[in-house]
Structure formats: C-alpha cells, structure tokens
Amino acid sequence: FLYYNAKYLNESDVQSLDNILEIAGKKNKFFAMDWSSGWYTYSFFGGAGLTAEANPGGTFNECDWNSTKNKYKGVDVAQAMLDISSSKGFRSTESPIDGASDDSVIAFVSGQWDYENLRGIWGDNLRATKLPTFTVNGDQVQMSGFMGYKYVGVYSGTKNPDWAVKFAEWVSNYDNQVERFKVTGECPSNVEAMQAEEVQSSPAVVALGEQSAFSVRQNVTDAYWTPSSLLGSTLAAGNPDKIDLQELLDDVTAEINAR
C-alpha cells in the first residue's frame, strides 16, 4: 500500500500517481518505490490485467506480461513504467524510508514492516491508503499487488505436543496479539484482536484492508524473481540500452515461465 506525508499531499492528491509525481517534482521531492524487486514490479502488470502465477501443480509459472492481445498489451505497461521513471518526482530505491528520514521522499510503496519506524519520522503527518492509479494508454488503471503473510505452525513430531499447542494458543490469544501489534505494528492473526480499537485506528491496517481488494495472493515459483526484478531495474533506469520493449518482455516472460 501507499504511505504518504500529509505535510505535502492530501487524500485527493494520492488517488493518482500522476498527481503524486507532479507534486513531488514541483517540490523537489520524490515518490519512491523499489523497482529492483519483482514484488513491486507486479503491481503495474497485475493492475493492467496481466498475470504471473504458478501453474496448479506449482512446478512452473504462467506469465503473460508479453501479451499482445489483452486490453492493455505488455508493451503498454512497460511504456507506462518508463514514463513514470522519467518523471522528476520518481525515485527507485530499496530503502524509501531513508528518504522519508531526510525529507526527500514524501510518498512511497511499502508494507506494515515500515509503520513503526515511519511513525517516528512523520509523526502526525503519517497517512496510508491503497495504491494509486497510473496511466496506461491514456486510461487510469488501479495498481494491484501481491499479498502474503508469515505462517508459524506447531511441529507434528514434537516430543511435547501438549505444551507446543498451549504455547501456540497463548501466542495467538487476544491480549498477546494486541500487545504484539502495539510493539511491531503488524496485523494480528487473532480475528477478534484485529477488530480492537487500537488496531483499527492504525492507518497501515486500514490501508492494507483497502488494498486487499486489488491484490492477489503471491503464488509464483523461484523462477519469477530474478527476471521480474531485472525488468523493473531496466525500466527504472530508463531502458538505457534502448531494447525493443516487446523483445524485452518476450525474454523476461520466457525466463519467468522456464520449466
């Protein structure tokens, strides 16, 4: 989802990435996003209706980012990303929160893991919401995204199953999940704790809920990560070797779908 600094942007501004980039550029600030990671690159292609997911058996990927038949072709999305990367107000970085610290970044895409640190930086100006729309072939298209979670289970072969289950129940009870949220800012796994007033008052929790309507479960094999990340890095750099976009997408898609 999107974090933004209310000192520079309002609720209306952040609905569109075009607006964010324009405002950031005029103020000599930046919108930041890590295009060196396929986790973030997906948001543009997925938003435009193109897919990248593992086959039902989970043995290889089925990606159509090089499509020439969809409403928005792969090259349309790649060109949209090039247009974004050429903006004065855009920065691709692995550590956008560093830019928030020095006041150079006024909006960035991240997750709950940055919430506590960012609250200490932006304070009452911290806001969060769903990802914005971006321009593809003149249309405003809602950015998508991967969603995921960390899973912790009880080992079935433990020598102390009763104690293991008791501990799991204790860790996941209402009080501990709310307390964990207060310390880490991460969403509780306990559904009742998720409804606690202090949890629902978190901008990050609300934003995550908003973005969930436009996101898909991360379901790709390891073959996805390197080529998708290389694609993002290439487009963030402005396609310096001037590779034909269809050729670039054909090569990336072939690598993602490799068996």
# chains A, B, ... in the order shown; residues from 1 in each chain; ligands from 1

call {"tool": "residues_around", "arguments": {"residues": "region 160-176 of chain A", "least_positions_apart": "2", "cutoff": "9 Å", "atoms": "only C-alpha atoms", "output": "VMD selection string"}}
result
chain A and resid 152 to 158 178 to 181 188 to 194

call {"tool": "closest_atom_pairs", "arguments": {"of": "region 119-159 of chain A", "to": "region 76-83 of chain A", "cutoff": "12 Å", "atoms": "only C-alpha atoms", "output": "JSON lines"}}
result
{"residue": "A:Thr133", "atom": "CA", "partner": "A:Ala80", "partner_atom": "CA", "distance": 11.6}
{"residue": "A:Phe134", "atom": "CA", "partner": "A:Ala80", "partner_atom": "CA", "distance": 7.9}
{"residue": "A:Thr135", "atom": "CA", "partner": "A:Ala80", "partner_atom": "CA", "distance": 6.5}
{"residue": "A:Val136", "atom": "CA", "partner": "A:Ala80", "partner_atom": "CA", "distance": 5.7}
{"residue": "A:Asn137", "atom": "CA", "partner": "A:Asp76", "partner_atom": "CA", "distance": 6.5}
{"residue": "A:Gly138", "atom": "CA", "partner": "A:Ala80", "partner_atom": "CA", "distance": 9.6}
{"residue": "A:Asp139", "atom": "CA", "partner": "A:Ala80", "partner_atom": "CA", "distance": 10.5}
{"residue": "A:Gln140", "atom": "CA", "partner": "A:Ala80", "partner_atom": "CA", "distance": 10.9}
{"residue": "A:Val141", "atom": "CA", "partner": "A:Val77", "partner_atom": "CA", "distance": 10.2}
{"residue": "A:Met143", "atom": "CA", "partner": "A:Val77", "partner_atom": "CA", "distance": 11.1}

call {"tool": "write_last_selection", "arguments": {"atoms": "all heavy atoms", "output": "compact mmCIF listing (two decimals), in the first residue's frame"}}
result
# COMPACT_ATOMS: atom_id res chain seq x y z
N THR A 133 -3.83 5.00 -8.82
CA THR A 133 -3.96 4.60 -10.22
C THR A 133 -2.74 5.11 -10.98
O THR A 133 -2.04 6.01 -10.53
CB THR A 133 -5.24 5.18 -10.85
OG1 THR A 133 -5.18 6.62 -10.80
CG2 THR A 133 -6.48 4.71 -10.10
N PHE A 134 -2.49 4.52 -12.16
CA PHE A 134 -1.43 5.03 -13.03
C PHE A 134 -1.95 5.03 -14.45
O PHE A 134 -2.97 4.40 -14.76
CB PHE A 134 -0.15 4.21 -12.88
CG PHE A 134 -0.21 2.81 -13.47
CD1 PHE A 134 0.51 2.48 -14.61
CD2 PHE A 134 -0.97 1.82 -12.86
CE1 PHE A 134 0.46 1.20 -15.15
CE2 PHE A 134 -1.02 0.53 -13.38
CZ PHE A 134 -0.31 0.22 -14.54
N THR A 135 -1.30 5.76 -15.34
CA THR A 135 -1.79 5.94 -16.70
C THR A 135 -1.25 4.87 -17.64
O THR A 135 -0.04 4.69 -17.76
CB THR A 135 -1.40 7.33 -17.24
OG1 THR A 135 -1.94 8.33 -16.38
CG2 THR A 135 -1.94 7.53 -18.65
N VAL A 136 -2.17 4.17 -18.28
CA VAL A 136 -1.82 3.20 -19.32
C VAL A 136 -2.65 3.52 -20.56
O VAL A 136 -3.88 3.46 -20.51
CB VAL A 136 -2.13 1.74 -18.88
CG1 VAL A 136 -1.64 0.76 -19.96
CG2 VAL A 136 -1.49 1.42 -17.56
N ASN A 137 -1.99 3.88 -21.65
CA ASN A 137 -2.68 4.23 -22.90
C ASN A 137 -3.77 5.27 -22.67
O ASN A 137 -4.86 5.18 -23.24
CB ASN A 137 -3.29 2.98 -23.53
CG ASN A 137 -2.39 2.40 -24.60
OD1 ASN A 137 -1.28 2.89 -24.84
ND2 ASN A 137 -2.84 1.34 -25.24
N GLY A 138 -3.50 6.23 -21.82
CA GLY A 138 -4.46 7.30 -21.58
C GLY A 138 -5.52 6.99 -20.55
O GLY A 138 -6.32 7.87 -20.19
N ASP A 139 -5.57 5.75 -20.06
CA ASP A 139 -6.55 5.35 -19.05
C ASP A 139 -5.93 5.35 -17.66
O ASP A 139 -4.73 5.08 -17.51
CB ASP A 139 -7.09 3.94 -19.33
CG ASP A 139 -7.87 3.86 -20.63
OD1 ASP A 139 -8.38 4.91 -21.08
OD2 ASP A 139 -7.97 2.75 -21.18
N GLN A 140 -6.75 5.61 -16.65
CA GLN A 140 -6.32 5.47 -15.27
C GLN A 140 -6.60 4.04 -14.81
O GLN A 140 -7.75 3.58 -14.82
CB GLN A 140 -7.05 6.47 -14.37
CG GLN A 140 -6.58 7.90 -14.54
CD GLN A 140 -5.11 8.07 -14.14
OE1 GLN A 140 -4.73 7.80 -13.01
NE2 GLN A 140 -4.30 8.50 -15.10
N VAL A 141 -5.56 3.34 -14.43
CA VAL A 141 -5.65 1.92 -14.06
C VAL A 141 -5.20 1.75 -12.61
O VAL A 141 -4.13 2.26 -12.23
CB VAL A 141 -4.78 1.07 -15.01
CG1 VAL A 141 -4.78 -0.39 -14.57
CG2 VAL A 141 -5.29 1.19 -16.44
N MET A 143 -3.44 0.27 -9.55
CA MET A 143 -2.31 -0.61 -9.29
C MET A 143 -2.75 -1.79 -8.43
O MET A 143 -3.57 -1.65 -7.52
CB MET A 143 -1.19 0.15 -8.58
CG MET A 143 -0.52 1.19 -9.45
SD MET A 143 0.69 2.21 -8.53
CE MET A 143 1.95 0.96 -8.18

call {"tool": "closest_atom_pairs", "arguments": {"of": "region 81-200 of chain A", "to": "region 50-65 of chain A", "cutoff": "12 Å", "atoms": "only C-alpha atoms", "output": "CSV"}}
result
residue,atom,partner,partner_atom,distance
A:Met143,CA,A:Leu50,CA,11.6
A:Ser144,CA,A:Leu50,CA,10.3
A:Gly145,CA,A:Thr51,CA,11.0
A:Phe146,CA,A:Ala52,CA,10.3

call {"tool": "write_last_selection", "arguments": {"atoms": "N, CA, C and O atoms", "output": "PDB file, in the first residue's frame"}}
result
ATOM      1  N   MET A 143      -3.443   0.267  -9.546  1.00  0.00           N
ATOM      2  CA  MET A 143      -2.312  -0.610  -9.289  1.00  0.00           C
ATOM      3  C   MET A 143      -2.749  -1.789  -8.429  1.00  0.00           C
ATOM      4  O   MET A 143      -3.566  -1.648  -7.518  1.00  0.00           O
ATOM      5  N   SER A 144      -2.218  -2.936  -8.735  1.00  0.00           N
ATOM      6  CA  SER A 144      -2.520  -4.154  -7.987  1.00  0.00           C
ATOM      7  C   SER A 144      -1.370  -4.437  -7.023  1.00  0.00           C
ATOM      8  O   SER A 144      -0.606  -3.533  -6.685  1.00  0.00           O
ATOM      9  N   GLY A 145      -1.228  -5.678  -6.597  1.00  0.00           N
ATOM     10  CA  GLY A 145      -0.117  -6.025  -5.726  1.00  0.00           C
ATOM     11  C   GLY A 145      -0.203  -7.452  -5.242  1.00  0.00           C
ATOM     12  O   GLY A 145      -1.252  -8.103  -5.324  1.00  0.00           O
ATOM     13  N   PHE A 146       0.918  -7.960  -4.769  1.00  0.00           N
ATOM     14  CA  PHE A 146       0.955  -9.258  -4.109  1.00  0.00           C
ATOM     15  C   PHE A 146       0.583  -9.075  -2.641  1.00  0.00           C
ATOM     16  O   PHE A 146       0.925  -8.069  -2.027  1.00  0.00           O
TER      17      PHE A 146
END

call {"tool": "select_by_dssp", "arguments": {"residues": "region 122-256 of chain A", "states": "strand (DSSP E or B)", "output": "ChimeraX atom specification"}}
result
/A:126-129,133-136,139-142,146-147,216-217

call {"tool": "atom_distance", "arguments": {"atom1": "CA of Lys130 (chain A)", "atom2": "CA of Asn257 (chain A)"}}
result
29.5 Å

call {"tool": "residues_around", "arguments": {"residues": "Ser201 (chain A)", "least_positions_apart": "6", "cutoff": "12 Å", "atoms": "only C-alpha atoms", "output": "PyMOL selection string"}}
result
chain A and resi 127-128+181-182+185+187+194-195+207

call {"tool": "select_by_dssp", "arguments": {"residues": "region 83-202 of chain A", "states": "alpha helix (DSSP H)", "output": "compact mmCIF listing (two decimals) with all heavy atoms, in the first residue's frame"}}
result
# COMPACT_ATOMS: atom_id res chain seq x y z
N ASP A 83 7.50 5.95 -18.58
CA ASP A 83 7.02 7.32 -18.40
C ASP A 83 7.14 7.74 -16.94
O ASP A 83 7.51 8.89 -16.63
CB ASP A 83 5.57 7.44 -18.86
CG ASP A 83 5.40 7.25 -20.36
OD1 ASP A 83 6.41 7.37 -21.08
OD2 ASP A 83 4.27 6.96 -20.80
N ILE A 84 6.82 6.82 -16.04
CA ILE A 84 6.93 7.11 -14.60
C ILE A 84 8.38 7.34 -14.21
O ILE A 84 8.72 8.28 -13.50
CB ILE A 84 6.32 5.96 -13.77
CG1 ILE A 84 4.80 5.90 -13.98
CG2 ILE A 84 6.65 6.12 -12.29
CD1 ILE A 84 4.17 4.63 -13.45
N SER A 85 9.25 6.45 -14.69
CA SER A 85 10.66 6.53 -14.29
C SER A 85 11.34 7.79 -14.81
O SER A 85 12.36 8.23 -14.25
CB SER A 85 11.43 5.29 -14.78
OG SER A 85 11.56 5.28 -16.18
N PRO A 96 13.20 3.24 0.83
CA PRO A 96 12.49 4.53 0.75
C PRO A 96 12.35 5.22 2.09
O PRO A 96 12.25 6.45 2.14
CB PRO A 96 11.12 4.13 0.18
CG PRO A 96 10.96 2.68 0.53
CD PRO A 96 12.34 2.12 0.44
N ILE A 97 12.37 4.46 3.17
CA ILE A 97 12.21 5.09 4.48
C ILE A 97 13.41 5.97 4.81
O ILE A 97 13.29 6.92 5.60
CB ILE A 97 11.99 4.03 5.59
CG1 ILE A 97 11.37 4.69 6.83
CG2 ILE A 97 13.27 3.28 5.91
CD1 ILE A 97 10.80 3.72 7.82
N ASP A 98 14.56 5.70 4.20
CA ASP A 98 15.71 6.59 4.37
C ASP A 98 15.40 7.96 3.79
O ASP A 98 15.79 8.99 4.34
CB ASP A 98 16.96 6.00 3.70
CG ASP A 98 17.47 4.75 4.41
OD1 ASP A 98 17.09 4.54 5.58
OD2 ASP A 98 18.23 3.99 3.79
N GLY A 99 14.70 7.97 2.65
CA GLY A 99 14.30 9.23 2.04
C GLY A 99 13.26 9.96 2.87
O GLY A 99 13.24 11.19 2.91
N ALA A 100 12.41 9.18 3.53
CA ALA A 100 11.44 9.80 4.44
C ALA A 100 12.17 10.48 5.59
O ALA A 100 11.77 11.55 6.06
CB ALA A 100 10.46 8.76 4.96
N SER A 101 13.26 9.86 6.03
CA SER A 101 14.04 10.41 7.15
C SER A 101 14.68 11.74 6.82
O SER A 101 14.73 12.64 7.67
CB SER A 101 15.12 9.41 7.58
OG SER A 101 14.56 8.20 8.04
N TYR A 115 5.91 0.63 9.36
CA TYR A 115 4.99 1.53 10.03
C TYR A 115 5.57 2.16 11.30
O TYR A 115 5.52 3.38 11.48
CB TYR A 115 3.69 0.80 10.38
CG TYR A 115 2.70 1.66 11.14
CD1 TYR A 115 2.07 2.74 10.52
CD2 TYR A 115 2.41 1.41 12.47
CE1 TYR A 115 1.17 3.53 11.21
CE2 TYR A 115 1.52 2.19 13.17
CZ TYR A 115 0.90 3.25 12.54
OH TYR A 115 0.02 4.05 13.23
N GLU A 116 6.12 1.35 12.19
CA GLU A 116 6.60 1.88 13.46
C GLU A 116 7.73 2.89 13.27
O GLU A 116 7.74 3.95 13.89
CB GLU A 116 7.06 0.73 14.37
CG GLU A 116 5.92 -0.06 14.98
CD GLU A 116 5.00 0.81 15.82
OE1 GLU A 116 5.49 1.58 16.66
OE2 GLU A 116 3.77 0.73 15.61
N ASN A 117 8.69 2.55 12.38
CA ASN A 117 9.78 3.49 12.13
C ASN A 117 9.28 4.78 11.49
O ASN A 117 9.72 5.88 11.83
CB ASN A 117 10.83 2.84 11.22
CG ASN A 117 11.66 1.80 11.93
OD1 ASN A 117 11.79 1.82 13.15
ND2 ASN A 117 12.22 0.87 11.18
N LEU A 118 8.34 4.63 10.56
CA LEU A 118 7.83 5.81 9.86
C LEU A 118 7.02 6.70 10.79
O LEU A 118 7.06 7.93 10.67
CB LEU A 118 6.98 5.37 8.67
CG LEU A 118 6.55 6.47 7.71
CD1 LEU A 118 7.77 7.16 7.10
CD2 LEU A 118 5.67 5.89 6.59
N ARG A 119 6.32 6.10 11.72
CA ARG A 119 5.55 6.89 12.68
C ARG A 119 6.48 7.78 13.50
O ARG A 119 6.13 8.91 13.87
CB ARG A 119 4.74 5.98 13.60
CG ARG A 119 3.80 6.74 14.51
CD ARG A 119 2.77 5.83 15.14
NE ARG A 119 3.37 4.83 16.01
CZ ARG A 119 2.67 4.05 16.84
NH1 ARG A 119 1.35 4.14 16.87
NH2 ARG A 119 3.28 3.17 17.61
N GLY A 120 7.68 7.30 13.77
CA GLY A 120 8.65 8.10 14.49
C GLY A 120 9.25 9.21 13.66
O GLY A 120 9.80 10.17 14.20
N ILE A 121 9.14 9.09 12.33
CA ILE A 121 9.71 10.10 11.43
C ILE A 121 8.68 11.15 11.05
O ILE A 121 8.92 12.36 11.17
CB ILE A 121 10.25 9.41 10.15
CG1 ILE A 121 11.38 8.44 10.51
CG2 ILE A 121 10.74 10.46 9.15
CD1 ILE A 121 11.78 7.52 9.36
N TRP A 122 7.51 10.71 10.60
CA TRP A 122 6.49 11.63 10.12
C TRP A 122 5.49 12.03 11.20
O TRP A 122 4.77 13.02 11.04
CB TRP A 122 5.75 11.03 8.93
CG TRP A 122 6.52 11.08 7.64
CD1 TRP A 122 7.68 11.76 7.40
CD2 TRP A 122 6.17 10.42 6.41
NE1 TRP A 122 8.09 11.57 6.10
CE2 TRP A 122 7.18 10.75 5.46
CE3 TRP A 122 5.13 9.59 6.03
CZ2 TRP A 122 7.15 10.26 4.15
CZ3 TRP A 122 5.10 9.11 4.74
CH2 TRP A 122 6.11 9.45 3.80
N PRO A 161 3.79 -32.26 22.48
CA PRO A 161 2.68 -31.67 21.71
C PRO A 161 1.72 -30.84 22.57
O PRO A 161 1.23 -29.81 22.10
CB PRO A 161 1.98 -32.89 21.11
CG PRO A 161 2.37 -34.04 22.00
CD PRO A 161 3.76 -33.74 22.43
N ASP A 162 1.45 -31.26 23.79
CA ASP A 162 0.52 -30.51 24.63
C ASP A 162 1.05 -29.11 24.92
O ASP A 162 0.32 -28.12 24.81
CB ASP A 162 0.25 -31.25 25.95
CG ASP A 162 -0.56 -32.52 25.73
OD1 ASP A 162 -1.21 -32.63 24.67
OD2 ASP A 162 -0.55 -33.40 26.61
N TRP A 163 2.34 -29.05 25.30
CA TRP A 163 2.93 -27.76 25.61
C TRP A 163 3.06 -26.90 24.35
O TRP A 163 2.88 -25.67 24.40
CB TRP A 163 4.29 -27.93 26.27
CG TRP A 163 4.19 -28.28 27.73
CD1 TRP A 163 4.50 -29.46 28.33
CD2 TRP A 163 3.71 -27.41 28.77
NE1 TRP A 163 4.25 -29.40 29.67
CE2 TRP A 163 3.77 -28.16 29.98
CE3 TRP A 163 3.24 -26.11 28.80
CZ2 TRP A 163 3.37 -27.62 31.20
CZ3 TRP A 163 2.85 -25.57 30.02
CH2 TRP A 163 2.91 -26.33 31.20
N ALA A 164 3.37 -27.54 23.23
CA ALA A 164 3.50 -26.80 21.97
C ALA A 164 2.18 -26.13 21.59
O ALA A 164 2.14 -24.97 21.19
CB ALA A 164 3.97 -27.73 20.85
N VAL A 165 1.09 -26.87 21.73
CA VAL A 165 -0.22 -26.33 21.39
C VAL A 165 -0.62 -25.23 22.39
O VAL A 165 -1.16 -24.19 22.00
CB VAL A 165 -1.28 -27.44 21.36
CG1 VAL A 165 -2.69 -26.84 21.24
CG2 VAL A 165 -1.02 -28.39 20.20
N LYS A 166 -0.32 -25.46 23.67
CA LYS A 166 -0.62 -24.44 24.68
C LYS A 166 0.13 -23.14 24.37
O LYS A 166 -0.42 -22.04 24.50
CB LYS A 166 -0.24 -24.94 26.08
CG LYS A 166 -1.17 -26.00 26.66
CD LYS A 166 -0.68 -26.44 28.03
CE LYS A 166 -1.53 -27.57 28.57
NZ LYS A 166 -2.91 -27.14 28.87
N PHE A 167 1.39 -23.29 23.99
CA PHE A 167 2.18 -22.10 23.66
C PHE A 167 1.61 -21.38 22.44
O PHE A 167 1.49 -20.15 22.42
CB PHE A 167 3.64 -22.49 23.40
CG PHE A 167 4.52 -21.32 23.01
CD1 PHE A 167 4.88 -20.38 23.95
CD2 PHE A 167 4.95 -21.17 21.70
CE1 PHE A 167 5.67 -19.29 23.59
CE2 PHE A 167 5.74 -20.09 21.34
CZ PHE A 167 6.09 -19.15 22.28
N ALA A 168 1.22 -22.17 21.41
CA ALA A 168 0.65 -21.57 20.21
C ALA A 168 -0.64 -20.83 20.53
O ALA A 168 -0.88 -19.72 20.02
CB ALA A 168 0.38 -22.66 19.17
N GLU A 169 -1.46 -21.42 21.38
CA GLU A 169 -2.71 -20.76 21.78
C GLU A 169 -2.43 -19.48 22.56
O GLU A 169 -3.13 -18.48 22.41
CB GLU A 169 -3.55 -21.73 22.62
CG GLU A 169 -4.10 -22.90 21.80
CD GLU A 169 -4.84 -23.90 22.66
OE1 GLU A 169 -4.64 -23.88 23.91
OE2 GLU A 169 -5.60 -24.71 22.12
N TRP A 170 -1.40 -19.53 23.41
CA TRP A 170 -1.05 -18.36 24.21
C TRP A 170 -0.53 -17.22 23.32
O TRP A 170 -0.93 -16.06 23.45
CB TRP A 170 0.00 -18.74 25.26
CG TRP A 170 0.45 -17.59 26.12
CD1 TRP A 170 -0.20 -17.09 27.20
CD2 TRP A 170 1.64 -16.82 25.97
NE1 TRP A 170 0.52 -16.04 27.74
CE2 TRP A 170 1.64 -15.86 27.01
CE3 TRP A 170 2.71 -16.86 25.07
CZ2 TRP A 170 2.69 -14.93 27.16
CZ3 TRP A 170 3.73 -15.93 25.22
CH2 TRP A 170 3.71 -14.99 26.25
N VAL A 171 0.36 -17.56 22.39
CA VAL A 171 0.93 -16.56 21.49
C VAL A 171 -0.16 -15.89 20.66
O VAL A 171 -0.10 -14.69 20.36
CB VAL A 171 1.99 -17.20 20.56
CG1 VAL A 171 2.36 -16.27 19.42
CG2 VAL A 171 3.23 -17.56 21.35
N TYR A 174 -6.02 -13.15 22.26
CA TYR A 174 -6.40 -11.75 22.04
C TYR A 174 -5.39 -10.78 22.64
O TYR A 174 -4.89 -9.88 21.95
CB TYR A 174 -7.79 -11.51 22.64
CG TYR A 174 -8.28 -10.09 22.51
CD1 TYR A 174 -9.07 -9.71 21.42
CD2 TYR A 174 -7.96 -9.11 23.47
CE1 TYR A 174 -9.52 -8.40 21.29
CE2 TYR A 174 -8.41 -7.80 23.33
CZ TYR A 174 -9.18 -7.45 22.25
OH TYR A 174 -9.62 -6.16 22.12
N ASP A 175 -5.08 -10.94 23.92
CA ASP A 175 -4.21 -9.98 24.61
C ASP A 175 -2.82 -9.93 23.99
O ASP A 175 -2.26 -8.85 23.78
CB ASP A 175 -4.10 -10.35 26.10
CG ASP A 175 -5.40 -10.09 26.84
OD1 ASP A 175 -6.22 -9.29 26.35
OD2 ASP A 175 -5.60 -10.71 27.90
N ASN A 176 -2.25 -11.09 23.70
CA ASN A 176 -0.90 -11.11 23.14
C ASN A 176 -0.85 -10.57 21.72
O ASN A 176 0.13 -9.93 21.32
CB ASN A 176 -0.31 -12.52 23.19
CG ASN A 176 0.22 -12.87 24.56
OD1 ASN A 176 0.74 -12.00 25.27
ND2 ASN A 176 0.08 -14.12 24.96
N GLN A 177 -1.89 -10.84 20.95
CA GLN A 177 -1.90 -10.33 19.58
C GLN A 177 -2.06 -8.81 19.55
O GLN A 177 -1.45 -8.13 18.72
CB GLN A 177 -3.01 -11.00 18.78
CG GLN A 177 -2.69 -12.43 18.40
CD GLN A 177 -1.57 -12.51 17.37
OE1 GLN A 177 -1.71 -12.01 16.26
NE2 GLN A 177 -0.46 -13.12 17.73
N VAL A 178 -2.85 -8.25 20.45
CA VAL A 178 -2.97 -6.81 20.54
C VAL A 178 -1.66 -6.21 21.02
O VAL A 178 -1.19 -5.19 20.49
CB VAL A 178 -4.13 -6.40 21.47
CG1 VAL A 178 -4.11 -4.89 21.72
CG2 VAL A 178 -5.47 -6.80 20.87
N GLU A 179 -1.04 -6.84 22.00
CA GLU A 179 0.23 -6.35 22.52
C GLU A 179 1.31 -6.40 21.44
O GLU A 179 2.12 -5.48 21.30
CB GLU A 179 0.66 -7.17 23.73
CG GLU A 179 1.92 -6.65 24.42
CD GLU A 179 1.75 -5.25 24.98
OE1 GLU A 179 0.60 -4.87 25.34
OE2 GLU A 179 2.76 -4.51 25.06
N ARG A 180 1.32 -7.48 20.67
CA ARG A 180 2.28 -7.62 19.58
C ARG A 180 2.08 -6.50 18.56
O ARG A 180 3.05 -5.93 18.04
CB ARG A 180 2.12 -8.98 18.91
CG ARG A 180 3.03 -9.24 17.72
CD ARG A 180 2.84 -10.67 17.23
NE ARG A 180 3.67 -10.96 16.06
CZ ARG A 180 3.30 -10.71 14.80
NH1 ARG A 180 2.13 -10.17 14.54
NH2 ARG A 180 4.10 -11.01 13.80
N PHE A 181 0.82 -6.19 18.26
CA PHE A 181 0.54 -5.10 17.33
C PHE A 181 1.10 -3.78 17.87
O PHE A 181 1.68 -2.99 17.11
CB PHE A 181 -0.97 -4.97 17.10
CG PHE A 181 -1.35 -3.69 16.44
CD1 PHE A 181 -1.18 -3.52 15.07
CD2 PHE A 181 -1.83 -2.61 17.17
CE1 PHE A 181 -1.50 -2.33 14.45
CE2 PHE A 181 -2.15 -1.41 16.56
CZ PHE A 181 -1.98 -1.28 15.20
N LYS A 182 0.95 -3.53 19.15
CA LYS A 182 1.44 -2.28 19.74
C LYS A 182 2.95 -2.17 19.59
O LYS A 182 3.49 -1.07 19.42
CB LYS A 182 1.05 -2.21 21.22
CG LYS A 182 -0.44 -2.06 21.48
CD LYS A 182 -0.72 -2.05 22.98
CE LYS A 182 -2.20 -1.91 23.29
NZ LYS A 182 -2.47 -1.97 24.74
N VAL A 183 3.63 -3.29 19.67
CA VAL A 183 5.10 -3.29 19.61
C VAL A 183 5.61 -3.24 18.17
O VAL A 183 6.55 -2.50 17.85
CB VAL A 183 5.67 -4.54 20.33
CG1 VAL A 183 7.19 -4.62 20.13
CG2 VAL A 183 5.32 -4.49 21.81
N THR A 184 4.98 -4.05 17.28
CA THR A 184 5.52 -4.19 15.92
C THR A 184 4.72 -3.46 14.86
O THR A 184 5.22 -3.20 13.77
CB THR A 184 5.56 -5.68 15.52
OG1 THR A 184 4.22 -6.18 15.41
CG2 THR A 184 6.33 -6.50 16.56
N VAL A 191 -8.62 -12.98 14.96
CA VAL A 191 -9.65 -12.18 14.27
C VAL A 191 -10.34 -11.21 15.21
O VAL A 191 -10.76 -10.12 14.79
CB VAL A 191 -10.69 -13.09 13.58
CG1 VAL A 191 -10.04 -13.85 12.44
CG2 VAL A 191 -11.33 -14.06 14.58
N GLU A 192 -10.46 -11.56 16.48
CA GLU A 192 -11.07 -10.63 17.43
C GLU A 192 -10.11 -9.49 17.74
O GLU A 192 -10.52 -8.33 17.85
CB GLU A 192 -11.46 -11.36 18.72
CG GLU A 192 -12.59 -12.37 18.52
CD GLU A 192 -13.00 -13.03 19.83
OE1 GLU A 192 -12.35 -12.76 20.87
OE2 GLU A 192 -13.94 -13.84 19.80
N ALA A 193 -8.84 -9.80 17.86
CA ALA A 193 -7.84 -8.76 18.10
C ALA A 193 -7.75 -7.80 16.92
O ALA A 193 -7.49 -6.60 17.09
CB ALA A 193 -6.47 -9.39 18.36
N MET A 194 -8.01 -8.30 15.72
CA MET A 194 -7.98 -7.46 14.53
C MET A 194 -9.03 -6.35 14.62
O MET A 194 -8.84 -5.28 14.04
CB MET A 194 -8.23 -8.32 13.29
CG MET A 194 -8.05 -7.59 11.99
SD MET A 194 -6.35 -7.05 11.73
CE MET A 194 -6.51 -6.26 10.13
N GLU A 197 -9.96 -1.61 18.95
CA GLU A 197 -9.98 -0.20 18.57
C GLU A 197 -8.60 0.31 18.21
O GLU A 197 -8.43 1.04 17.24
CB GLU A 197 -10.56 0.63 19.73
CG GLU A 197 -10.68 2.11 19.41
CD GLU A 197 -11.31 2.91 20.54
OE1 GLU A 197 -11.79 2.29 21.51
OE2 GLU A 197 -11.32 4.15 20.45
N GLU A 198 -7.59 -0.06 19.01
CA GLU A 198 -6.25 0.44 18.73
C GLU A 198 -5.68 -0.11 17.43
O GLU A 198 -4.88 0.54 16.76
CB GLU A 198 -5.29 0.14 19.89
CG GLU A 198 -5.25 -1.32 20.31
CD GLU A 198 -6.15 -1.58 21.50
OE1 GLU A 198 -7.38 -1.46 21.35
OE2 GLU A 198 -5.62 -1.92 22.57
N VAL A 199 -6.11 -1.33 17.06
CA VAL A 199 -5.66 -1.91 15.79
C VAL A 199 -6.32 -1.20 14.62
O VAL A 199 -5.66 -0.80 13.66
CB VAL A 199 -5.96 -3.42 15.75
CG1 VAL A 199 -5.59 -3.99 14.38
CG2 VAL A 199 -5.19 -4.16 16.84
N GLN A 200 -7.63 -1.01 14.71
CA GLN A 200 -8.37 -0.38 13.63
C GLN A 200 -8.04 1.11 13.48
O GLN A 200 -8.35 1.72 12.46
CB GLN A 200 -9.87 -0.58 13.84
CG GLN A 200 -10.34 -1.99 13.58
CD GLN A 200 -10.10 -2.43 12.15
OE1 GLN A 200 -10.38 -1.68 11.20
NE2 GLN A 200 -9.57 -3.63 11.98

call {"tool": "closest_atom_pairs", "arguments": {"of": "region 88-173 of chain A", "to": "region 223-243 of chain A", "cutoff": "10 Å", "atoms": "only C-alpha atoms", "output": "CSV"}}
result
residue,atom,partner,partner_atom,distance
A:Phe90,CA,A:Ala236,CA,9.1
A:Arg91,CA,A:Ala236,CA,8.2
A:Ser92,CA,A:Ala236,CA,6.5
A:Thr93,CA,A:Ala236,CA,9.7

call {"tool": "write_last_selection", "arguments": {"atoms": "N, CA and C atoms", "output": "CSV table (one decimal), in the first residue's frame"}}
result
chain,number,residue,atom,x,y,z
A,90,PHE,N,10.2,10.9,-9.4
A,90,PHE,CA,10.3,9.5,-9.2
A,90,PHE,C,11.7,9.0,-8.7
A,91,ARG,N,11.7,8.1,-7.8
A,91,ARG,CA,13.0,7.5,-7.3
A,91,ARG,C,12.8,6.0,-7.1
A,92,SER,N,13.6,5.2,-7.6
A,92,SER,CA,13.6,3.7,-7.3
A,92,SER,C,14.7,3.5,-6.3
A,93,THR,N,14.3,2.9,-5.1
A,93,THR,CA,15.2,2.7,-4.1
A,93,THR,C,14.8,1.5,-3.2

call {"tool": "atom_distance", "arguments": {"atom1": "CA of Asp222 (chain A)", "atom2": "CA of Ile256 (chain A)"}}
result
8.7 Å

call {"tool": "closest_residue", "arguments": {"among": "A:Val206, A:Leu131, A:Ala254, A:Val109", "to": "Asp34 (chain A)", "atoms": "only C-alpha atoms"}}
result
A:Val109

call {"tool": "residues_around", "arguments": {"residues": "Asn5 (chain A)", "least_positions_apart": "2", "cutoff": "8 Å", "atoms": "only C-alpha atoms", "output": "PyMOL selection string"}}
result
chain A and resi 3+7-9+106-107+122+125-127

call {"tool": "closest_residue", "arguments": {"among": "A:Val220, A:Val75, A:Ala24, A:Ala204", "to": "Lys88 (chain A)", "atoms": "only C-alpha atoms"}}
result
A:Ala24

call {"tool": "closest_residue", "arguments": {"among": "A:Ala196, A:Val105, A:Ala6, A:Met147", "to": "Leu21 (chain A)", "atoms": "only C-alpha atoms"}}
result
A:Val105
